[in-house]
Structures are given as structure tokens and as C-alpha cells.
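Quick look at structure.cif (mmCIF, C-alpha atoms):
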```cif
data_work
#
loop_
_atom_site.label_atom_id
_atom_site.label_comp_id
_atom_site.auth_asym_id
_atom_site.auth_seq_id
_atom_site.Cartn_x
_atom_site.Cartn_y
_atom_site.Cartn_z
CA MET A 1 8.73 -20.86 -3.06
CA VAL A 2 6.18 -19.89 -5.71
CA LYS A 3 3.53 -17.66 -4.19
CA ASN A 4 -0.10 -17.04 -5.09
CA GLY A 5 -0.21 -13.31 -4.49
CA LYS A 6 -3.36 -11.29 -3.99
CA VAL A 7 -3.82 -7.90 -5.61
CA ILE A 8 -5.66 -5.33 -3.50
CA SER A 9 -6.63 -1.80 -4.51
CA ILE A 10 -6.98 0.82 -1.76
CA ILE A 11 -9.56 3.22 -3.13
CA ASN A 12 -12.17 5.88 -2.46
CA MET A 13 -13.59 8.46 -4.83
CA LYS A 14 -12.99 11.17 -2.23
CA GLY A 15 -9.66 12.71 -1.32
CA GLY A 16 -8.37 13.39 2.18
CA VAL A 17 -9.49 10.05 3.62
CA GLY A 18 -6.06 8.63 4.49
CA LYS A 19 -5.92 6.36 1.46
CA THR A 20 -2.19 6.65 0.89
CA ALA A 21 -1.38 6.40 4.61
CA LEU A 22 -3.36 3.15 4.74
CA SER A 23 -1.68 1.77 1.60
CA VAL A 24 1.79 2.61 2.91
CA GLY A 25 1.00 1.41 6.43
CA ILE A 26 -0.38 -1.97 5.36
CA SER A 27 2.51 -2.52 2.95
CA SER A 28 5.27 -1.65 5.41
CA PHE A 29 3.64 -3.60 8.28
CA LEU A 30 3.23 -6.78 6.25
CA ALA A 31 6.84 -6.53 5.05
CA GLU A 32 8.39 -5.71 8.42
CA ASN A 33 6.21 -7.62 10.87
CA ARG A 34 4.65 -10.51 8.94
CA ASP A 35 7.60 -11.44 6.74
CA LYS A 36 5.46 -11.03 3.63
CA LYS A 37 6.89 -10.05 0.26
CA ILE A 38 5.09 -6.89 -0.82
CA LEU A 39 4.87 -4.83 -3.99
CA LEU A 40 3.35 -1.38 -3.51
CA ILE A 41 2.10 0.20 -6.74
CA ASP A 42 1.61 3.96 -6.71
CA SER A 43 -0.94 4.69 -9.43
CA ASP A 44 -1.90 8.15 -8.16
CA PRO A 45 -0.43 11.03 -10.21
CA GLN A 46 0.22 12.86 -6.91
CA PHE A 47 2.62 9.96 -6.09
CA ASN A 48 2.43 10.52 -2.32
CA ALA A 49 3.01 6.84 -1.57
CA THR A 50 6.31 7.09 -3.43
CA GLN A 51 7.28 10.25 -1.53
CA ALA A 52 6.60 8.49 1.78
CA PHE A 53 9.65 6.32 1.09
CA ILE A 54 11.74 8.38 -1.31
CA ASP A 55 12.82 11.98 -0.78
CA PRO A 56 11.30 14.06 -3.63
CA ASP A 57 14.58 15.97 -3.92
CA LYS A 58 16.30 12.68 -4.80
CA TYR A 59 13.60 11.63 -7.24
CA GLY A 60 15.09 13.72 -10.03
CA GLU A 61 14.52 12.59 -13.58
CA ASP A 62 14.06 8.95 -12.65
CA THR A 63 12.27 7.11 -15.45
CA LYS A 64 11.85 3.89 -13.49
CA THR A 65 8.20 4.69 -12.77
CA ILE A 66 4.68 3.54 -13.57
CA PHE A 67 4.53 6.14 -16.37
CA GLN A 68 6.50 3.75 -18.58
CA LEU A 69 3.49 1.41 -18.57
CA PHE A 70 1.11 4.09 -19.81
CA LYS A 71 3.41 6.06 -22.06
CA PRO A 72 1.60 6.55 -25.40
CA GLN A 73 3.10 5.06 -28.53
CA THR A 74 4.43 7.63 -30.96
CA GLU A 75 4.26 5.46 -34.07
CA ILE A 76 1.14 3.67 -35.29
CA ALA A 77 3.12 0.68 -36.52
CA GLU A 78 5.15 0.50 -33.34
CA ARG A 79 4.49 -2.59 -31.22
CA TYR A 80 4.34 -2.05 -27.49
CA VAL A 81 6.96 -4.02 -25.58
CA MET A 82 6.03 -4.83 -22.00
CA PRO A 83 8.79 -3.72 -19.60
CA ARG A 84 10.56 -6.33 -17.53
CA LYS A 85 10.01 -6.07 -13.78
CA GLU A 86 13.60 -5.01 -13.09
CA GLU A 87 13.13 -2.08 -15.46
CA LEU A 88 10.35 -0.60 -13.33
CA ILE A 89 10.35 -2.03 -9.81
CA THR A 90 12.54 -0.50 -7.09
CA ASN A 91 13.49 -2.18 -3.83
CA ILE A 92 12.90 -0.05 -0.74
CA GLN A 93 13.83 -2.43 2.05
CA GLU A 94 13.74 -6.13 2.82
CA ASN A 95 10.45 -7.64 1.61
CA LEU A 96 9.17 -4.33 0.23
CA ASP A 97 9.36 -3.15 -3.38
CA ILE A 98 7.63 -0.26 -5.08
CA LEU A 99 6.46 0.63 -8.55
CA LYS A 100 6.91 4.36 -8.19
CA GLY A 101 4.31 6.95 -9.11
CA ASP A 102 4.87 9.77 -11.56
CA LEU A 103 3.38 13.23 -12.02
CA ASN A 104 3.59 12.65 -15.79
CA LEU A 105 0.57 10.37 -15.50
CA VAL A 106 -1.58 13.48 -15.86
CA LEU A 107 -0.39 13.66 -19.47
CA VAL A 108 -1.93 10.31 -20.40
CA ASN A 109 -5.24 10.29 -18.55
CA LYS A 110 -7.27 11.58 -21.50
CA SER A 111 -5.67 9.21 -24.00
CA SER A 112 -8.08 7.50 -26.39
CA ASP A 113 -5.94 4.34 -26.49
CA SER A 114 -8.27 1.76 -24.93
CA GLY A 115 -5.41 -0.73 -24.64
CA LEU A 116 -3.77 1.34 -21.92
CA ILE A 117 -6.34 0.28 -19.34
CA LYS A 118 -5.00 -3.29 -19.27
CA ARG A 119 -1.31 -2.43 -19.23
CA LEU A 120 -0.94 -2.83 -15.46
CA LYS A 121 -2.76 -6.16 -15.44
CA MET A 122 -0.55 -7.44 -18.23
CA PHE A 123 2.59 -6.16 -16.51
CA ILE A 124 1.66 -8.23 -13.45
CA LYS A 125 0.83 -11.26 -15.58
CA VAL A 126 3.77 -11.18 -18.01
CA ASN A 127 6.29 -10.70 -15.20
CA LYS A 128 4.60 -13.37 -13.04
CA LEU A 129 4.46 -10.99 -10.09
CA ARG A 130 1.78 -12.98 -8.29
CA GLU A 131 4.29 -15.80 -8.02
CA GLU A 132 6.85 -13.48 -6.43
CA TYR A 133 4.77 -11.41 -3.99
CA ASP A 134 2.37 -12.34 -1.20
CA TYR A 135 0.50 -9.09 -1.71
CA ILE A 136 0.41 -6.42 -4.38
CA ILE A 137 -1.09 -3.26 -2.90
CA ILE A 138 -2.26 -0.52 -5.29
CA ASP A 139 -2.66 3.04 -4.04
CA CYS A 140 -5.34 4.45 -6.36
CA PRO A 141 -6.23 8.02 -7.37
CA PRO A 142 -9.29 9.54 -5.62
CA THR A 143 -11.00 10.23 -8.94
CA LEU A 144 -12.29 8.26 -11.90
CA THR A 145 -9.31 7.98 -14.22
CA LEU A 146 -7.64 5.58 -16.58
CA TYR A 147 -5.42 4.57 -13.66
CA THR A 148 -8.36 3.86 -11.35
CA ASP A 149 -9.87 1.49 -13.90
CA SER A 150 -6.47 -0.04 -14.62
CA ALA A 151 -5.88 -0.73 -10.91
CA LEU A 152 -9.32 -2.27 -10.37
CA ILE A 153 -9.07 -4.45 -13.49
CA SER A 154 -5.76 -5.74 -12.13
CA SER A 155 -7.15 -6.47 -8.65
CA ASP A 156 -8.80 -9.36 -6.87
CA TYR A 157 -10.10 -7.20 -4.03
CA TYR A 158 -10.55 -3.58 -3.02
CA LEU A 159 -10.53 -1.90 0.38
CA ILE A 160 -12.27 1.42 1.10
CA PRO A 161 -10.68 3.88 3.54
CA ASN A 162 -13.20 6.41 4.85
CA ARG A 163 -12.99 9.43 7.11
CA ILE A 164 -15.98 10.31 9.28
CA ASP A 165 -17.27 13.62 7.93
CA ARG A 166 -20.42 15.01 6.38
CA TYR A 167 -19.31 13.99 2.87
CA SER A 168 -18.50 10.38 3.82
CA GLY A 169 -21.18 8.77 1.71
CA ILE A 170 -20.53 10.73 -1.49
CA GLY A 171 -17.26 9.05 -2.43
CA ILE A 172 -18.63 5.62 -1.57
CA LYS A 173 -21.73 6.11 -3.74
CA SER A 174 -19.53 7.18 -6.65
CA LEU A 175 -17.21 4.26 -6.06
CA ASN A 176 -20.07 1.75 -5.94
CA LYS A 177 -21.37 2.95 -9.30
CA ALA A 178 -17.93 3.03 -10.93
CA ILE A 179 -17.02 -0.45 -9.72
CA GLY A 180 -20.42 -1.86 -10.60
CA ASP A 181 -20.09 -0.55 -14.16
CA LEU A 182 -16.53 -1.86 -14.46
CA ILE A 183 -17.42 -5.32 -13.14
CA TYR A 184 -20.20 -5.52 -15.72
CA THR A 185 -18.30 -4.22 -18.75
CA GLU A 186 -15.05 -6.08 -18.02
CA ASP A 187 -16.65 -9.22 -16.55
CA LEU A 188 -14.57 -8.98 -13.36
CA GLU A 189 -14.64 -11.06 -10.21
CA LEU A 190 -13.67 -8.12 -8.03
CA LYS A 191 -14.65 -8.35 -4.36
CA CYS A 192 -14.89 -5.75 -1.62
CA LEU A 193 -12.93 -6.47 1.56
CA GLY A 194 -14.80 -3.76 3.41
CA LEU A 195 -14.64 -0.22 4.71
CA VAL A 196 -12.01 1.00 7.18
CA TYR A 197 -12.50 4.19 9.16
CA THR A 198 -9.37 6.33 9.06
CA MET A 199 -8.01 9.35 10.93
CA VAL A 200 -10.42 8.61 13.80
CA GLU A 201 -10.29 10.97 16.79
CA ASP A 202 -9.81 9.44 20.26
CA GLN A 203 -13.24 10.76 21.23
CA LEU A 204 -15.90 11.19 18.57
CA THR A 205 -18.23 14.15 18.89
CA GLN A 206 -21.98 13.59 18.91
CA LYS A 207 -22.09 14.97 15.37
CA GLN A 208 -19.43 12.48 14.22
CA ASN A 209 -21.33 9.61 15.86
CA ASP A 210 -24.49 10.75 14.08
CA ILE A 211 -22.67 10.91 10.72
CA LYS A 212 -21.20 7.45 11.31
CA SER A 213 -24.59 5.96 12.20
CA GLU A 214 -26.24 7.65 9.23
CA LEU A 215 -23.62 6.28 6.84
CA GLU A 216 -23.82 2.74 8.21
CA SER A 217 -27.60 2.71 7.83
CA SER A 218 -27.49 4.14 4.30
CA GLU A 219 -27.86 2.34 1.00
CA ALA A 220 -24.27 3.35 0.12
CA VAL A 221 -22.83 0.71 2.43
CA ASP A 222 -25.40 -2.02 1.94
CA ASN A 223 -23.51 -5.31 1.66
CA ILE A 224 -20.21 -3.63 2.58
CA TYR A 225 -18.40 -5.09 5.59
CA ILE A 226 -17.43 -2.43 8.16
CA PHE A 227 -14.09 -3.11 9.84
CA THR A 228 -14.18 -3.04 13.64
CA SER A 229 -10.54 -1.89 13.61
CA ASN A 230 -9.61 1.60 12.42
CA SER A 231 -6.69 3.97 12.09
CA SER A 232 -6.46 6.81 14.61
CA PHE A 233 -5.63 10.41 13.91
CA VAL A 234 -1.97 10.76 14.90
CA ARG A 235 -0.61 14.27 14.39
CA ASP A 236 2.98 13.08 14.07
CA MET A 237 1.94 11.15 10.97
CA GLN A 238 1.25 14.51 9.34
CA VAL A 239 4.23 16.53 10.58
CA GLY A 240 6.61 14.12 12.32
CA ARG A 241 10.22 13.84 11.24
CA ARG A 242 9.85 10.10 10.79
CA GLY A 243 7.48 10.68 7.89
CA PRO A 244 3.96 9.42 7.07
CA ILE A 245 4.64 5.72 7.65
CA ALA A 246 2.42 4.15 10.30
CA THR A 247 4.91 1.51 11.43
CA ARG A 248 7.21 4.27 12.73
CA TYR A 249 4.69 5.40 15.38
CA ALA A 250 3.55 3.14 18.23
CA LYS A 251 -0.15 3.99 18.17
CA SER A 252 -0.43 3.90 14.38
CA LYS A 253 1.46 0.63 14.25
CA ARG A 254 -1.03 -0.97 16.67
CA ASP A 255 -3.88 0.29 14.51
CA ILE A 256 -2.34 -1.10 11.33
CA SER A 257 -1.66 -4.41 13.05
CA ASP A 258 -5.36 -4.73 13.91
CA ILE A 259 -6.43 -3.70 10.41
CA VAL A 260 -4.07 -6.24 8.82
CA ASP A 261 -5.40 -9.00 11.11
CA GLU A 262 -8.95 -8.17 10.13
CA MET A 263 -8.04 -7.83 6.45
CA GLU A 264 -6.48 -11.30 6.42
CA PHE A 265 -9.52 -12.66 8.25
CA ARG A 266 -11.72 -11.17 5.54
CA LEU A 267 -9.55 -12.62 2.79
CA SER A 268 -9.84 -16.03 4.40
CA ALA A 269 -13.62 -15.69 4.84
CA ILE A 270 -14.22 -14.52 1.28
CA GLY A 271 -11.85 -17.13 -0.13
CA GLY A 272 -13.59 -19.89 1.81
CA ALA A 273 -16.96 -18.78 0.49
CA GLU A 274 -15.89 -18.89 -3.14
#
```
Spit out the file's structure as C-alpha cells when you get a sec.
Amino acid sequence: MVKNGKVISIINMKGGVGKTALSVGISSFLAENRDKKILLIDSDPQFNATQAFIDPDKYGEDTKTIFQLFKPQTEIAERYVMPRKEELITNIQENLDILKGDLNLVLVNKSSDSGLIKRLKMFIKVNKLREEYDYIIIDCPPTLTLYTDSALISSDYYLIPNRIDRYSGIGIKSLNKAIGDLIYTEDLELKCLGLVYTMVEDQLTQKQNDIKSELESSEAVDNIYIFTSNSSFVRDMQVGRRGPIATRYAKSKRDISDIVDEMEFRLSAIGGAE
């Protein structure tokens, strides 16, 4: 059956907010529990989403990574040839594929080749990936880079993970400006699914409640939907032998299930309003 896949970037301009854990959790849950065909794209040079599924010691000199999309041309007259999907995409398990990240991305970020920014979008289009996958989830870098812009240009929607701390609003303000500029310059129809609180303690302190209330009443989140579901802080996700994949831990799996339900509700609501 030909699909009509949606491309969703998971993004915040602040690190340490559980962005990768949310990307990995949503992807694995949809594949394992909703029978959805998923492509996870790791566009962060730290490639933590890739390491969640693949042992770094076994990664070796693998060239089947996202770096091949952004690799600079060495000859001026050389025409770029878009890779075929099988040259870059790796199957992890039933219903779940990954376009692996690569530390070498740091070598390209300052490239002056403006054509690089649309490479990911064209890779998706040329290989007709929307027709193959129900969802394409992009784990984005936490900074403004070529890869951030490339991910957003490729996306239909974006989702903001956010940890409750005193710097909560800073990343969101930066993100709002960056996305606003990109929507204007690239004429995008990019829509925000909302903000998801991550790594939430079982009992918030008064200070955390104050920070949360202050953020939600601030200009930074005007017109941004706040998810009622969230992901809890689960220590085993950080140090457990089963790795940083939410579906492997009962509490985290329940959280991700609720987030996915609400995400799909939002997709339906936004789609119906278009």
C-alpha cells in the first residue's frame, strides 16, 4: 500500500532536554506497538539516536550514514548524484529503519555550498520515502546548523521537547526566531505540533512549578500547544543495561504511549483545520 508519510522534526535549541530519547521512543513505539513503518533520521553530529540502537564499537568505518548526503563535492564540474535509499538506510528491526548519524557532519557545517541545505528534502523526494513510511522522524541538533535547517525544510511538522528548568524559555525563544526566519525565507508550510515536557520528576518542587507557570504564561509559548502528556525521569533510561529506549521500560513506555496518542490527535486536528 502506498503511504502518505508525515515528516516530523524533534527539535529544541537547548541541549539536555531529552530530545533524542523522545525521538527514539516515539519511533520505536510506533514501530512496535502501532504497526507503523518508521524511518528515524539522525541529523545530530553527536549521533546519539544511532548509538541507542547500534553499539558504537560495531559502528566502525561504516559509510552508510547521513554524511553521504552532505559530503562536499571535490570537483567543480562534478554533478551530485543523489544516493539510492538502500545505499544509506539501515534496517534495525521490523517496521523500523534508520538513516544513521555521523560525527563527520562537523566537517561540513560551515560549508558555503547553499545547495546542501536541500539535500535531505531531495533524498526523501527522489526516493519516494513518504510513500514507504508512515512517519519519518528527524532527531535534530540542539544548535542552529546546516542540518537543523535541512531537517526543518524537509519537515511538515516539528515537536518541541522541553525540560523544566530555569533556562526553559531560552531555547524556545531561539527556536521560534530561527523557524520564523526559515518559514519566511524558504516559504515553508511548517507547523508546530506542540511542546512536550520531558524528564519530569514524580513530584515537582515549588520552584519547578513556578518555572513551568512562568514559561506557559510567557510570550515564548504564545500559540504553542502544551501537551498534557509528558515523559517522566526514569533513571534506568540513563544507566540501565537495556539502553536509552523508552519502550524497554514500563513507565517510560506508558509515557510514550500517551505522547504518541496526543501527537496523532494533534496531527488529525491540524490536518482537519487545513
Contacts between segment 132-140 of chain A and segment 158-248 of chain A, please, where a residue of segment 158-248 of chain A counts if it comes within 12 Å (with all atoms listed in the file); show its shortest atom pair and distance in Å to one decimal, rows by chain and ascending number, as CSV.
```
residue,atom,partner,partner_atom,distance
A:Tyr158,CA,A:Ile138,CA,9.1
A:Leu159,CA,A:Ile137,CA,10.1
A:Ile160,CA,A:Cys140,CA,10.6
A:Pro161,CA,A:Asp139,CA,11.1
A:Leu175,CA,A:Cys140,CA,11.9
```
Taking only C-alpha atoms into account, name the residue in A:Ile124, A:Asp44, A:Val81, A:Ile117 that is nearest to Asn104 of chain A.
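Among the listed residues, the smallest separation from Asn104 of chain A belongs to A:Asp44.
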6 Å per side around segment 37-46 of chain A: axis-aligned box centre and edge lengths, as lines of an AutoDock Vina configuration file:
```
center_x = 2.5
center_y = 1.4
center_z = -5.0
size_x = 20.8
size_y = 34.9
size_z = 22.5
```
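If you measure from each of A:Leu193, A:Val108, A:Leu96, A:Leu146 to Glu32 of chain A using only C-alpha atoms, the closest one turns out to be A:Leu96.
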Atom CA of Glu189 of chain A and atom CA of Lys173 of chain A are how many Å apart?
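The value is 19.7 Å.
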What residues come out when you apply the PyMOL selection byres ((chain A and resi 47-54) around 10) to this file, written as a VMD selection string?
chain A and resid 19 to 25 40 to 46 55 to 59 65 92 to 93 98 to 103 105 138 to 141 242 to 245
With distances taken over all atoms listed in the file, which of A:Leu144, A:Leu190, A:Met263, A:Met199 is nearest to Gly16 of chain A?
A:Met199
Excluding segment 253-256 of chain A and any residue of its chain fewer than 3 positions from it, enumerate the residues within 8 Å of it, using all atoms listed in the file, and give them as a VMD selection string.
chain A and resid 22 25 to 26 29 229 to 232 246 to 250 259 to 260
